[in-house]
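Shown below: structure02.txt, with compact mmCIF, C-alpha atoms.
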# COMPACT_ATOMS: atom_id res chain seq x y z
CA TYR C 27 -12.86 19.97 15.85
CA GLY C 28 -16.02 20.94 14.02
CA PHE C 29 -17.85 23.24 11.64
CA ALA C 30 -20.03 26.01 13.09
CA GLY C 31 -21.58 27.46 9.92
CA PHE C 32 -21.37 29.97 7.08
CA THR C 33 -21.24 33.72 7.55
CA LYS C 34 -24.06 35.78 6.08
CA ASP C 35 -22.43 36.51 2.70
CA ASP C 36 -21.18 32.92 2.22
CA LYS C 37 -17.64 34.22 1.67
CA THR C 38 -16.29 32.77 4.89
CA ILE C 39 -17.00 29.84 7.18
CA VAL C 40 -16.68 29.49 10.94
CA ILE C 41 -14.80 26.47 12.30
CA TYR C 42 -13.29 25.29 15.59
CA ASP C 43 -9.88 24.21 16.77
CA LYS C 44 -9.31 22.58 20.18
CA TYR C 45 -9.99 25.84 22.02
CA ASP C 46 -11.02 28.59 19.67
CA ILE C 47 -13.35 29.83 16.94
CA TRP C 48 -11.91 30.79 13.54
CA GLU C 49 -13.23 32.61 10.50
CA VAL C 50 -11.79 31.15 7.28
CA ALA C 51 -12.14 32.78 3.88
CA LEU C 52 -13.29 30.33 1.22
CA GLY C 53 -10.92 29.82 -1.70
CA THR C 54 -7.97 31.34 0.18
CA THR C 55 -5.61 30.47 3.02
CA ASN C 56 -6.76 33.46 5.10
CA ALA C 57 -7.88 32.54 8.62
CA LYS C 58 -8.68 34.78 11.57
CA ARG C 59 -8.93 33.57 15.18
CA ILE C 60 -11.82 35.40 16.84
CA THR C 61 -11.54 34.09 20.43
CA LYS C 62 -8.68 33.81 22.91
CA GLY C 63 -9.53 30.51 24.52
CA ARG C 64 -6.12 28.91 24.18
CA GLU C 65 -4.54 31.59 26.35
CA LYS C 66 -7.21 31.13 29.04
CA ASN C 67 -7.36 27.30 28.79
CA ILE C 68 -11.07 27.64 27.92
CA VAL C 69 -12.82 25.84 25.07
CA PHE C 70 -15.23 28.18 23.27
CA ARG C 71 -18.14 27.07 21.09
CA ILE C 72 -21.02 29.04 19.54
CA VAL C 73 -24.46 28.20 20.94
CA LYS C 74 -27.95 28.91 19.70
CA THR C 75 -30.04 30.87 22.19
CA ASN C 76 -33.41 30.64 20.46
CA ILE C 77 -35.85 27.75 20.41
CA ALA C 78 -34.82 25.88 17.27
CA LYS C 79 -37.09 23.65 15.23
CA GLN C 80 -35.93 20.07 15.56
CA LEU C 81 -34.99 18.19 12.41
CA PRO C 82 -35.90 14.52 11.99
CA PHE C 83 -33.13 11.95 12.40
CA ASP C 84 -32.44 11.52 8.71
CA GLY C 85 -28.72 12.26 8.51
CA THR C 86 -29.27 15.98 7.91
CA ILE C 87 -26.53 18.23 9.31
CA MET C 88 -27.77 21.54 10.64
CA SER C 89 -25.62 24.59 9.84
CA ASP C 90 -26.55 28.10 10.88
CA THR C 91 -25.83 31.41 9.23
CA ILE C 92 -23.53 33.23 11.65
CA ASP C 93 -23.43 37.01 11.84
CA LEU C 94 -20.01 37.83 13.25
CA ASN C 95 -20.95 41.52 13.46
CA SER C 96 -23.68 40.80 15.99
CA GLN C 97 -23.28 39.70 19.60
CA LEU C 98 -22.86 35.92 19.86
CA VAL C 99 -23.26 33.66 22.88
CA LEU C 100 -20.49 31.14 23.53
CA LYS C 101 -20.33 28.06 25.71
CA GLY C 102 -17.06 28.12 27.61
CA SER C 103 -15.56 25.23 29.53
CA LEU C 104 -12.27 23.97 30.84
CA PRO C 105 -11.03 21.02 28.75
CA ASP C 106 -12.16 18.56 31.47
CA ASP C 107 -15.54 20.33 31.97
CA SER C 108 -14.81 20.88 35.68
CA MET C 109 -15.66 24.57 35.16
CA GLN C 110 -18.12 25.80 32.56
CA GLY C 111 -20.52 28.56 31.67
CA TYR C 112 -21.38 31.16 29.04
CA TYR C 113 -19.77 34.24 27.48
CA THR C 114 -20.88 36.85 24.97
CA LEU C 115 -18.65 37.68 21.99
CA LYS C 116 -18.67 41.03 20.20
CA ASN C 117 -15.82 42.45 18.10
CA SER C 118 -13.55 39.57 19.17
CA VAL C 119 -13.99 40.46 22.86
CA GLU C 120 -15.33 37.79 25.23
CA LYS C 121 -17.42 38.91 28.21
CA LYS C 122 -18.35 36.44 30.94
CA LEU C 123 -22.02 35.87 31.73
CA ILE C 124 -21.60 32.92 34.14
CA PHE C 125 -18.71 30.53 34.77
CA GLY C 126 -18.24 28.12 37.66
CA PRO C 127 -17.83 24.56 39.01
CA ASN C 128 -21.30 23.39 37.96
CA ARG C 129 -23.12 21.92 35.02
CA ILE C 130 -24.49 25.01 33.25
CA TYR C 131 -26.54 24.37 30.12
CA GLU C 132 -29.52 25.11 27.82
CA ILE C 133 -29.15 28.90 27.79
CA LYS C 134 -31.89 30.91 26.07
CA LYS C 135 -32.00 34.64 25.36
CA SER C 136 -34.85 37.09 25.30
CA ALA C 137 -35.62 38.19 21.75
CA GLU C 138 -35.53 41.90 22.59
CA THR C 139 -33.26 42.36 25.63
CA ASN C 140 -30.00 40.99 27.05
CA THR C 141 -31.90 38.77 29.45
CA TYR C 142 -30.94 35.10 29.67
CA ILE C 143 -32.24 31.96 31.31
CA PHE C 144 -30.26 28.75 31.84
CA PHE C 145 -30.15 25.57 33.93
CA GLN C 146 -27.58 24.90 36.64
CA GLU C 147 -26.84 21.83 38.75
CA ASP C 148 -24.17 19.65 40.31
CA TYR C 149 -24.23 16.23 41.95
CA GLU C 150 -25.18 17.62 45.37
CA HIS C 151 -27.55 20.36 44.17
CA PRO C 152 -30.66 19.59 42.08
CA THR C 153 -31.34 21.39 38.81
CA SER C 154 -32.36 25.03 39.10
CA ALA C 155 -33.51 27.62 36.56
CA GLN C 156 -31.39 30.78 36.70
CA LEU C 157 -32.02 34.23 35.23
CA ILE C 158 -29.44 36.81 34.16
CA LEU C 159 -31.03 40.27 34.29
CA ASN C 160 -29.01 43.50 34.26
CA ASN C 161 -25.84 41.42 34.78
CA GLN C 162 -27.28 40.00 38.00
CA ILE C 163 -28.05 36.29 38.49
CA GLN C 164 -31.31 35.30 40.15
CA THR C 165 -32.73 31.87 40.95
CA LEU C 166 -36.16 31.39 39.36
CA TYR C 167 -36.87 27.85 40.48
CA ARG C 168 -35.18 24.99 42.36
CA SER C 169 -36.29 21.44 41.67
CA ASN C 170 -36.40 18.53 44.13
CA PRO C 171 -36.85 20.54 47.37
CA GLN C 172 -37.03 17.20 49.22
CA HIS C 173 -33.39 16.51 48.28
CA ARG C 174 -32.04 18.08 51.48
CA ASN C 175 -33.96 15.56 53.60
CA PHE C 176 -31.89 12.60 52.36
CA PHE C 177 -28.35 11.28 52.64
CA TRP C 178 -26.68 11.82 49.27
CA GLY C 179 -22.92 11.26 49.34
CA LYS C 180 -20.30 13.09 47.30
CA VAL C 181 -18.42 12.76 44.02
CA THR C 182 -14.65 13.21 43.67
CA THR C 183 -12.16 12.54 40.89
CA ILE C 184 -9.43 9.89 40.71
CA ASN C 185 -6.33 10.57 38.59
CA TYR C 186 -4.46 7.77 36.80
CA LEU C 187 -2.55 7.08 33.59
CA SER C 188 -3.47 5.28 30.37
CA GLU C 189 -1.17 2.73 28.76
CA SER C 190 0.42 5.52 26.69
CA GLY C 191 1.00 7.61 29.80
CA LYS C 192 -1.83 10.07 29.17
CA PRO C 193 -3.38 11.49 32.38
CA LEU C 194 -6.99 10.30 32.79
CA LYS C 195 -9.76 10.90 35.31
CA ALA C 196 -12.46 8.77 36.89
CA LEU C 197 -15.51 9.86 38.85
CA LEU C 198 -15.83 8.25 42.29
CA TYR C 199 -19.20 8.47 44.04
CA SER C 200 -19.27 7.66 47.75
CA PRO C 201 -22.07 5.74 49.52
CA SER C 202 -24.85 8.09 50.61
CA ASP C 203 -24.43 7.08 54.29
CA TYR C 204 -20.61 7.00 54.18
CA LYS C 205 -18.89 6.90 57.57
CA ASP C 206 -15.18 7.38 58.19
CA GLY C 207 -13.52 4.15 59.24
CA ASP C 208 -15.97 1.88 57.41
CA SER C 209 -15.22 -0.05 54.21
CA TYR C 210 -17.62 -0.57 51.30
CA PRO C 211 -17.88 -2.63 48.10
CA MET C 212 -17.54 -0.81 44.79
CA VAL C 213 -19.24 -1.06 41.38
CA VAL C 214 -17.37 0.13 38.28
CA ASN C 215 -19.34 1.41 35.28
CA VAL C 216 -17.53 1.42 31.93
CA TYR C 217 -18.22 3.45 28.77
CA GLN C 218 -15.63 5.54 26.90
CA THR C 219 -15.29 9.01 28.52
CA GLN C 220 -17.36 9.77 31.62
CA SER C 221 -15.43 12.35 33.66
CA ASP C 222 -17.23 15.16 31.77
CA ARG C 223 -20.34 14.22 33.80
CA LEU C 224 -18.75 15.35 37.07
CA HIS C 225 -21.43 17.96 37.76
CA TYR C 226 -24.49 16.01 36.59
CA TYR C 227 -27.34 15.83 39.09
CA ARG C 228 -28.79 12.33 39.09
CA ASN C 229 -32.37 11.63 40.05
CA PRO C 230 -33.10 8.39 41.91
CA ALA C 231 -35.21 6.03 39.83
CA ASP C 232 -36.69 2.56 40.22
CA ALA C 233 -36.90 2.12 36.46
CA VAL C 234 -33.77 2.74 34.36
CA TYR C 235 -33.42 1.93 30.65
CA ASN C 236 -30.17 -0.02 31.13
CA GLY C 237 -30.47 -1.06 34.77
CA TYR C 238 -27.61 1.19 35.91
CA SER C 239 -28.22 4.04 38.35
CA VAL C 240 -25.50 5.76 40.36
CA VAL C 241 -28.01 6.91 42.97
CA ASN C 242 -29.53 3.44 43.39
CA LEU C 243 -26.08 1.98 44.04
CA VAL C 244 -24.78 4.63 46.44
CA ASN C 245 -28.05 4.44 48.37
CA ARG C 246 -27.44 0.70 48.62
CA GLY C 247 -24.05 1.24 50.24
CA TYR C 248 -21.69 1.01 47.23
CA PHE C 249 -18.93 3.20 45.95
CA VAL C 250 -19.38 3.79 42.21
CA LEU C 251 -16.40 4.39 39.91
CA MET C 252 -16.78 5.73 36.36
CA PRO C 253 -13.35 5.74 34.63
CA ASP C 254 -12.30 7.30 31.32
CA ILE C 255 -10.71 5.05 28.69
CA GLU C 256 -8.06 5.96 26.12
CA TYR C 257 -8.19 3.58 23.15
CA LYS C 258 -5.38 2.15 21.08
CA MET C 259 -6.53 1.36 17.55
CA GLY C 260 -6.67 -2.39 17.02
CA SER C 261 -6.83 -3.14 20.75
CA PRO C 262 -10.07 -1.65 22.14
CA GLY C 263 -10.56 -4.49 24.60
CA ASP C 264 -7.10 -4.35 26.12
CA SER C 265 -7.30 -0.55 26.23
CA ALA C 266 -10.37 -0.89 28.44
CA VAL C 267 -8.66 -3.51 30.61
CA PHE C 268 -5.61 -1.32 31.21
CA CYS C 269 -7.49 1.92 31.95
CA VAL C 270 -10.15 0.33 34.14
CA THR C 271 -7.70 -1.68 36.25
CA SER C 272 -5.46 1.40 36.60
CA ALA C 273 -8.40 3.47 37.84
CA VAL C 274 -9.54 0.73 40.23
CA ASN C 275 -6.06 0.27 41.69
CA GLU C 276 -5.81 4.02 42.25
CA ALA C 277 -9.21 4.06 43.99
CA LEU C 278 -8.20 1.14 46.23
CA LYS C 279 -5.38 3.25 47.66
CA ARG C 280 -8.04 5.14 49.64
CA GLY C 281 -8.34 2.18 52.00
CA ASP C 282 -12.13 2.36 52.40
CA ILE C 283 -13.04 0.11 49.44
CA ILE C 284 -13.16 -3.68 49.95
CA PHE C 285 -10.62 -4.99 47.43
CA ASN C 286 -12.29 -8.38 46.84
CA LYS C 287 -15.84 -6.99 46.58
CA LEU C 288 -15.69 -5.19 43.26
CA GLY C 289 -18.40 -5.28 40.60
CA LEU C 290 -18.35 -4.31 36.93
CA ILE C 291 -21.24 -3.13 34.75
CA GLY C 292 -21.61 -1.79 31.20
CA HIS C 293 -24.19 -1.44 28.44
CA SER C 294 -23.75 -1.36 24.64
CA LEU C 295 -20.07 -0.47 24.06
CA GLY C 296 -19.75 -0.68 27.84
CA GLY C 297 -21.29 -4.15 27.61
CA PHE C 298 -18.55 -5.18 25.20
CA GLU C 299 -15.97 -3.76 27.59
CA SER C 300 -17.49 -5.40 30.65
CA SER C 301 -17.70 -8.84 29.02
CA TYR C 302 -14.17 -8.53 27.61
CA ILE C 303 -12.52 -7.25 30.79
CA VAL C 304 -13.54 -10.34 32.76
CA THR C 305 -11.76 -12.53 30.19
CA LYS C 306 -8.49 -10.79 31.13
CA THR C 307 -8.64 -10.24 34.89
CA ASN C 308 -10.11 -11.79 38.03
CA LEU C 309 -10.25 -8.38 39.72
CA PHE C 310 -14.05 -8.38 39.82
CA ALA C 311 -16.24 -10.56 42.02
CA ALA C 312 -19.28 -10.08 39.74
CA ALA C 313 -20.04 -8.45 36.39
CA ILE C 314 -23.01 -7.37 34.26
CA ALA C 315 -22.97 -6.82 30.49
CA GLY C 316 -25.99 -5.47 28.62
CA ALA C 317 -26.52 -5.47 24.84
CA SER C 318 -22.93 -6.56 24.42
CA MET C 319 -20.87 -7.09 21.26
CA THR C 320 -19.07 -10.34 22.09
CA ASP C 321 -17.99 -11.79 18.70
CA HIS C 322 -16.10 -9.49 16.33
CA LEU C 323 -16.09 -12.11 13.57
CA SER C 324 -19.81 -12.71 13.29
CA GLY C 325 -20.55 -9.07 14.14
CA TYR C 326 -18.36 -7.80 11.31
CA LEU C 327 -20.26 -9.98 8.83
CA THR C 328 -23.72 -8.86 9.97
CA VAL C 329 -26.15 -6.40 8.36
CA SER C 330 -27.40 -3.84 10.88
CA GLU C 331 -31.18 -3.61 11.24
CA ASN C 332 -30.80 -0.02 12.44
CA TYR C 333 -28.58 1.31 9.67
CA LYS C 334 -29.58 -1.06 6.85
CA LYS C 335 -25.97 -1.71 5.92
CA ALA C 336 -23.13 -4.06 6.82
CA GLU C 337 -21.57 -3.54 10.27
CA ILE C 338 -18.07 -3.29 8.74
CA TRP C 339 -17.86 0.50 9.36
CA ARG C 340 -18.55 0.08 13.08
CA PHE C 341 -15.70 -2.39 13.52
CA GLU C 342 -13.05 -0.79 11.34
CA TYR C 343 -13.20 2.84 12.39
CA TYR C 344 -16.14 3.58 14.72
CA THR C 345 -16.66 2.45 18.32
CA ASN C 346 -14.98 -0.94 17.87
CA ARG C 347 -11.78 0.79 16.72
CA MET C 348 -10.10 -2.19 15.03
CA GLY C 349 -8.52 0.06 12.40
CA LYS C 350 -8.24 -2.64 9.73
CA PRO C 351 -10.57 -4.98 7.80
CA LEU C 352 -11.23 -8.40 9.30
CA PHE C 353 -8.98 -10.30 6.90
CA ASP C 354 -6.08 -7.89 7.41
CA ASN C 355 -6.15 -8.48 11.18
CA PHE C 356 -7.98 -11.76 11.72
CA ILE C 357 -6.10 -12.61 14.91
CA GLY C 358 -6.84 -9.16 16.34
CA TYR C 359 -10.56 -9.64 15.76
CA LEU C 360 -10.38 -13.01 17.53
CA GLN C 361 -8.45 -11.59 20.44
CA ASN C 362 -10.94 -8.75 20.97
CA SER C 363 -13.93 -11.11 21.14
CA ALA C 364 -15.13 -12.21 24.57
CA VAL C 365 -16.61 -15.38 23.05
CA TYR C 366 -13.22 -16.78 22.02
CA ASN C 367 -11.75 -15.86 25.40
CA ALA C 368 -14.64 -17.37 27.38
CA PRO C 369 -12.48 -20.20 28.89
CA ASN C 370 -10.64 -17.48 30.85
CA ILE C 371 -13.78 -16.11 32.54
CA ASN C 372 -13.95 -16.86 36.26
CA THR C 373 -16.26 -13.97 37.19
CA PRO C 374 -20.02 -14.64 37.61
CA LEU C 375 -21.57 -12.80 34.66
CA LEU C 376 -25.12 -11.49 34.22
CA LEU C 377 -25.97 -10.91 30.55
CA TRP C 378 -29.08 -9.12 29.30
CA THR C 379 -30.46 -8.08 25.92
CA GLY C 380 -33.63 -6.82 24.31
CA GLU C 381 -35.12 -9.52 22.09
CA LYS C 382 -35.72 -6.94 19.32
CA ASP C 383 -32.42 -5.05 19.65
CA LYS C 384 -31.72 -3.46 16.24
CA HIS C 385 -28.49 -1.75 17.29
CA ILE C 386 -26.52 -4.77 18.53
CA ALA C 387 -27.96 -8.13 17.52
CA PRO C 388 -29.23 -10.23 20.48
CA THR C 389 -27.31 -13.18 18.99
CA GLN C 390 -24.12 -11.46 20.19
CA THR C 391 -25.24 -11.87 23.80
CA MET C 392 -26.54 -15.38 23.13
CA GLU C 393 -23.17 -16.49 21.74
CA LEU C 394 -21.32 -15.63 24.96
CA TYR C 395 -24.10 -17.12 27.08
CA LEU C 396 -23.95 -20.44 25.22
CA ALA C 397 -20.14 -20.48 25.32
CA MET C 398 -20.11 -19.97 29.10
CA ARG C 399 -22.87 -22.52 29.64
CA ARG C 400 -20.98 -25.11 27.65
CA LEU C 401 -17.87 -24.37 29.70
CA GLY C 402 -19.75 -24.71 32.98
CA LYS C 403 -19.23 -21.04 33.95
CA LYS C 404 -21.48 -18.98 36.25
CA VAL C 405 -23.66 -17.09 33.81
CA THR C 406 -27.27 -15.90 33.69
CA LEU C 407 -29.09 -14.46 30.67
CA LEU C 408 -32.05 -12.07 30.84
CA LYS C 409 -33.83 -11.71 27.50
CA TYR C 410 -36.56 -9.06 27.41
CA PRO C 411 -39.35 -9.71 24.85
CA LYS C 412 -40.36 -6.89 22.48
CA GLU C 413 -37.54 -4.64 23.76
CA ASP C 414 -34.88 -2.84 21.72
CA HIS C 415 -31.35 -1.68 22.61
CA ASN C 416 -32.64 0.36 25.56
CA LEU C 417 -35.54 -1.03 27.56
CA GLU C 418 -38.61 1.18 27.12
CA ASN C 419 -41.30 -0.67 29.09
CA PRO C 420 -41.27 0.74 32.67
CA GLU C 421 -42.09 -2.66 34.20
CA LYS C 422 -39.17 -4.28 32.39
CA GLN C 423 -36.92 -1.36 33.30
CA ALA C 424 -37.84 -1.87 36.95
CA ASP C 425 -37.29 -5.61 36.62
CA LEU C 426 -33.77 -5.13 35.25
CA SER C 427 -32.90 -2.42 37.81
CA THR C 428 -33.97 -4.73 40.63
CA LYS C 429 -32.01 -7.67 39.27
CA VAL C 430 -28.87 -5.54 38.87
CA LEU C 431 -29.01 -4.68 42.57
CA ASP C 432 -29.81 -8.30 43.48
CA TRP C 433 -26.79 -9.55 41.50
CA PHE C 434 -24.36 -7.21 43.20
CA ASP C 435 -25.94 -7.64 46.64
CA PHE C 436 -25.47 -11.41 46.42
CA TYR C 437 -21.89 -11.42 45.15
CA LEU C 438 -20.54 -8.24 46.75
CA LYS C 439 -22.48 -8.04 50.03
CA ASP C 440 -23.09 -11.75 50.70
CA MET C 441 -26.85 -11.26 50.90
CA ARG C 442 -29.32 -14.10 50.40
CA GLN C 443 -29.67 -15.32 46.83
CA PRO C 444 -33.01 -14.22 45.32
CA LYS C 445 -35.18 -16.88 43.70
CA TRP C 446 -34.69 -15.65 40.12
CA MET C 447 -30.97 -16.39 40.40
CA GLY C 448 -31.60 -19.99 41.40
CA LYS C 449 -31.71 -22.97 39.06

As structure tokens, how would this structure be written, given the file I've shared?
Amino acid sequence: YGFAGFTKDDKTIVIYDKYDIWEVALGTTNAKRITKGREKNIVFRIVKTNIAKQLPFDGTIMSDTIDLNSQLVLKGSLPDDSMQGYYTLKNSVEKKLIFGPNRIYEIKKSAETNTYIFFQEDYEHPTSAQLILNNQIQTLYRSNPQHRNFFWGKVTTINYLSESGKPLKALLYSPSDYKDGDSYPMVVNVYQTQSDRLHYYRNPADAVYNGYSVVNLVNRGYFVLMPDIEYKMGSPGDSAVFCVTSAVNEALKRGDIIFNKLGLIGHSLGGFESSYIVTKTNLFAAAIAGASMTDHLSGYLTVSENYKKAEIWRFEYYTNRMGKPLFDNFIGYLQNSAVYNAPNINTPLLLWTGEKDKHIAPTQTMELYLAMRRLGKKVTLLKYPKEDHNLENPEKQADLSTKVLDWFDFYLKDMRQPKWMGK
């Protein structure tokens, strides 16, 4: 679960298990657990409370010297992050500073006193700066004072099971003007694990780097669902299909979501998942896939511009989770490629990519676009000149954000088709 650092004399190291912090003597089998997180169902991790100098992104791993005889500050959280906060640790005794149902982060400590400052927020309360002074918590500053003048909606969690039977969660955001008795369309955003963002405050924005904004969508009258995915090695695509459809079916039990007005959106790995899911199900009335990996065969045999090495590592054991080399599981690589399943797509699909994407080659998006065009499927491609994996130009960000809303408004709300979607 991770390495925290060396102790001051270099005779022991500090490491983590699922819940706790351990001191392990080098060259021996002696290990001492110095927190009691497992008993409390709290995950403890050491945090730095000073302003650290940032290292360049060159592969360097930062490790601190840890003085276990001094007072340490720990981040504490429930395993699902629904409750979190900070503790102090001295002589193997944890003392709570702050712990609650919020996002609590970026704590800093005064150099000379036990005075702390940290940020706190949740979906319905904008970010605030909080001070701990003499064991009392004071609010220093609240951002977005105009927030209370607007409809905002709420976020809840949906519980469902993965294919293996593991309990999973999804975040469900309600339309900002939600009214009991009304029904609304829903957009599903896919990307690995997302339930740990339950308490994130989200600013509205016209320009978003990947076109996806929870606040934009709920303000437009959509539910937004963000499900977690448990992956089975060798079947990342089908893992996403199973978990996403399970979460959607659970959400539909509410009765206030229109079952045939569901949208799907993802970017990067989420783009792969979005483009693959629509090859396996007709559950969605419209879908969007950005910077998507669509062909595991050609992708596996590509040299990454970002990493200056073959993409093999990404497919075998990183995000693509195939578990085996291409030629040991050729059929599996075919089956997990949206391109070779394109004849099964019946969902209108909006594809987009940055022309200079160095993380996932734009040719991956182009392959699926050409396959769907040749098959006579409903597909549109947006290709942004001079842009990388994430759009950086604010005008292009705004363009994509607008087109995302247009796409869903047309297919999920039966609004007039905008000109850019026409022939």

- Message: So the first atom is CA of Lys180 (chain C) and the second is CA of Ala277 (chain C); what is the distance between them in Å, to one decimal place?
- Response: 14.7 Å

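Residue nearest Trp178 (chain C) within the list C:Lys192, C:Val214, C:Ser154, C:Arg228: C:Arg228 [criterion: smallest interatomic distance, all atoms listed in the file].
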
- Message: So that I can see what lies close to region 44-49 of chain C, please list as a ChimeraX atom specification the residues with an atom at most 12 Å from it, counting all atoms listed in the file and leaving out residues fewer than 5 positions away in the same chain.
- Response: /C:27-33,36-39,54-73,92-94,98,100-105,115,118,120

- Task: Please work out which residues fall within 12 Å of (-25.8, -16.1, 23.3), coordinates as given in the file, with all atoms listed in the file counting, and return them as a ChimeraX atom specification.
- Result: /C:316-321,364-365,368,376-379,381,387-400,405-409

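Here CA of Lys121 (chain C) stands at a distance of 17.8 Å from CA of Ser136 (chain C).
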
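Reported to one decimal place, the separation of CA of Tyr210 (chain C) from CA of Arg174 (chain C) is 23.6 Å.
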
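Nearest residue to His322 (chain C) among C:Gly296, C:Pro253, C:Gly263, C:Pro211 is C:Gly263, counting only C-alpha atoms.
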
Rebuild region 137-143 of chain C to all heavy atoms - output it as an mmCIF file, in the frame of the given file, please.
data_model
loop_
_atom_site.group_PDB
_atom_site.id
_atom_site.type_symbol
_atom_site.label_atom_id
_atom_site.label_comp_id
_atom_site.auth_asym_id
_atom_site.auth_seq_id
_atom_site.Cartn_x
_atom_site.Cartn_y
_atom_site.Cartn_z
ATOM 1 N N ALA C 137 -35.719 37.715 23.135
ATOM 2 C CA ALA C 137 -35.620 38.190 21.750
ATOM 3 C C ALA C 137 -35.282 39.674 21.677
ATOM 4 O O ALA C 137 -34.667 40.124 20.709
ATOM 5 C CB ALA C 137 -36.941 37.922 21.014
ATOM 6 N N GLU C 138 -35.654 40.457 22.694
ATOM 7 C CA GLU C 138 -35.530 41.900 22.590
ATOM 8 C C GLU C 138 -34.570 42.527 23.595
ATOM 9 O O GLU C 138 -34.214 43.701 23.457
ATOM 10 C CB GLU C 138 -36.918 42.547 22.740
ATOM 11 C CG GLU C 138 -37.901 42.098 21.660
ATOM 12 C CD GLU C 138 -39.284 42.684 21.861
ATOM 13 O OE1 GLU C 138 -39.480 43.386 22.876
ATOM 14 O OE2 GLU C 138 -40.154 42.452 21.011
ATOM 15 N N THR C 139 -34.143 41.797 24.616
ATOM 16 C CA THR C 139 -33.260 42.360 25.630
ATOM 17 C C THR C 139 -32.124 41.382 25.914
ATOM 18 O O THR C 139 -32.164 40.218 25.500
ATOM 19 C CB THR C 139 -34.011 42.633 26.946
ATOM 20 O OG1 THR C 139 -34.416 41.380 27.522
ATOM 21 C CG2 THR C 139 -35.224 43.513 26.710
ATOM 22 N N ASN C 140 -31.114 41.853 26.644
ATOM 23 C CA ASN C 140 -30.000 40.990 27.050
ATOM 24 C C ASN C 140 -30.344 40.273 28.355
ATOM 25 O O ASN C 140 -29.634 40.378 29.363
ATOM 26 C CB ASN C 140 -28.718 41.806 27.205
ATOM 27 C CG ASN C 140 -28.135 42.199 25.871
ATOM 28 O OD1 ASN C 140 -28.201 41.443 24.902
ATOM 29 N ND2 ASN C 140 -27.564 43.395 25.795
ATOM 30 N N THR C 141 -31.449 39.564 28.316
ATOM 31 C CA THR C 141 -31.900 38.770 29.450
ATOM 32 C C THR C 141 -31.782 37.303 29.065
ATOM 33 O O THR C 141 -32.207 36.908 27.971
ATOM 34 C CB THR C 141 -33.359 39.103 29.817
ATOM 35 O OG1 THR C 141 -33.459 40.505 30.054
ATOM 36 C CG2 THR C 141 -33.804 38.341 31.047
ATOM 37 N N TYR C 142 -31.223 36.500 29.976
ATOM 38 C CA TYR C 142 -30.940 35.100 29.670
ATOM 39 C C TYR C 142 -31.522 34.203 30.750
ATOM 40 O O TYR C 142 -31.660 34.600 31.917
ATOM 41 C CB TYR C 142 -29.433 34.850 29.600
ATOM 42 C CG TYR C 142 -28.703 35.661 28.567
ATOM 43 C CD1 TYR C 142 -28.238 36.946 28.864
ATOM 44 C CD2 TYR C 142 -28.467 35.158 27.294
ATOM 45 C CE1 TYR C 142 -27.566 37.698 27.915
ATOM 46 C CE2 TYR C 142 -27.785 35.901 26.340
ATOM 47 C CZ TYR C 142 -27.343 37.174 26.659
ATOM 48 O OH TYR C 142 -26.677 37.912 25.714
ATOM 49 N N ILE C 143 -31.844 32.989 30.362
ATOM 50 C CA ILE C 143 -32.240 31.960 31.310
ATOM 51 C C ILE C 143 -31.446 30.698 31.002
ATOM 52 O O ILE C 143 -31.164 30.403 29.837
ATOM 53 C CB ILE C 143 -33.771 31.678 31.250
ATOM 54 C CG1 ILE C 143 -34.208 30.764 32.393
ATOM 55 C CG2 ILE C 143 -34.172 31.110 29.906
ATOM 56 C CD1 ILE C 143 -35.727 30.632 32.499
#
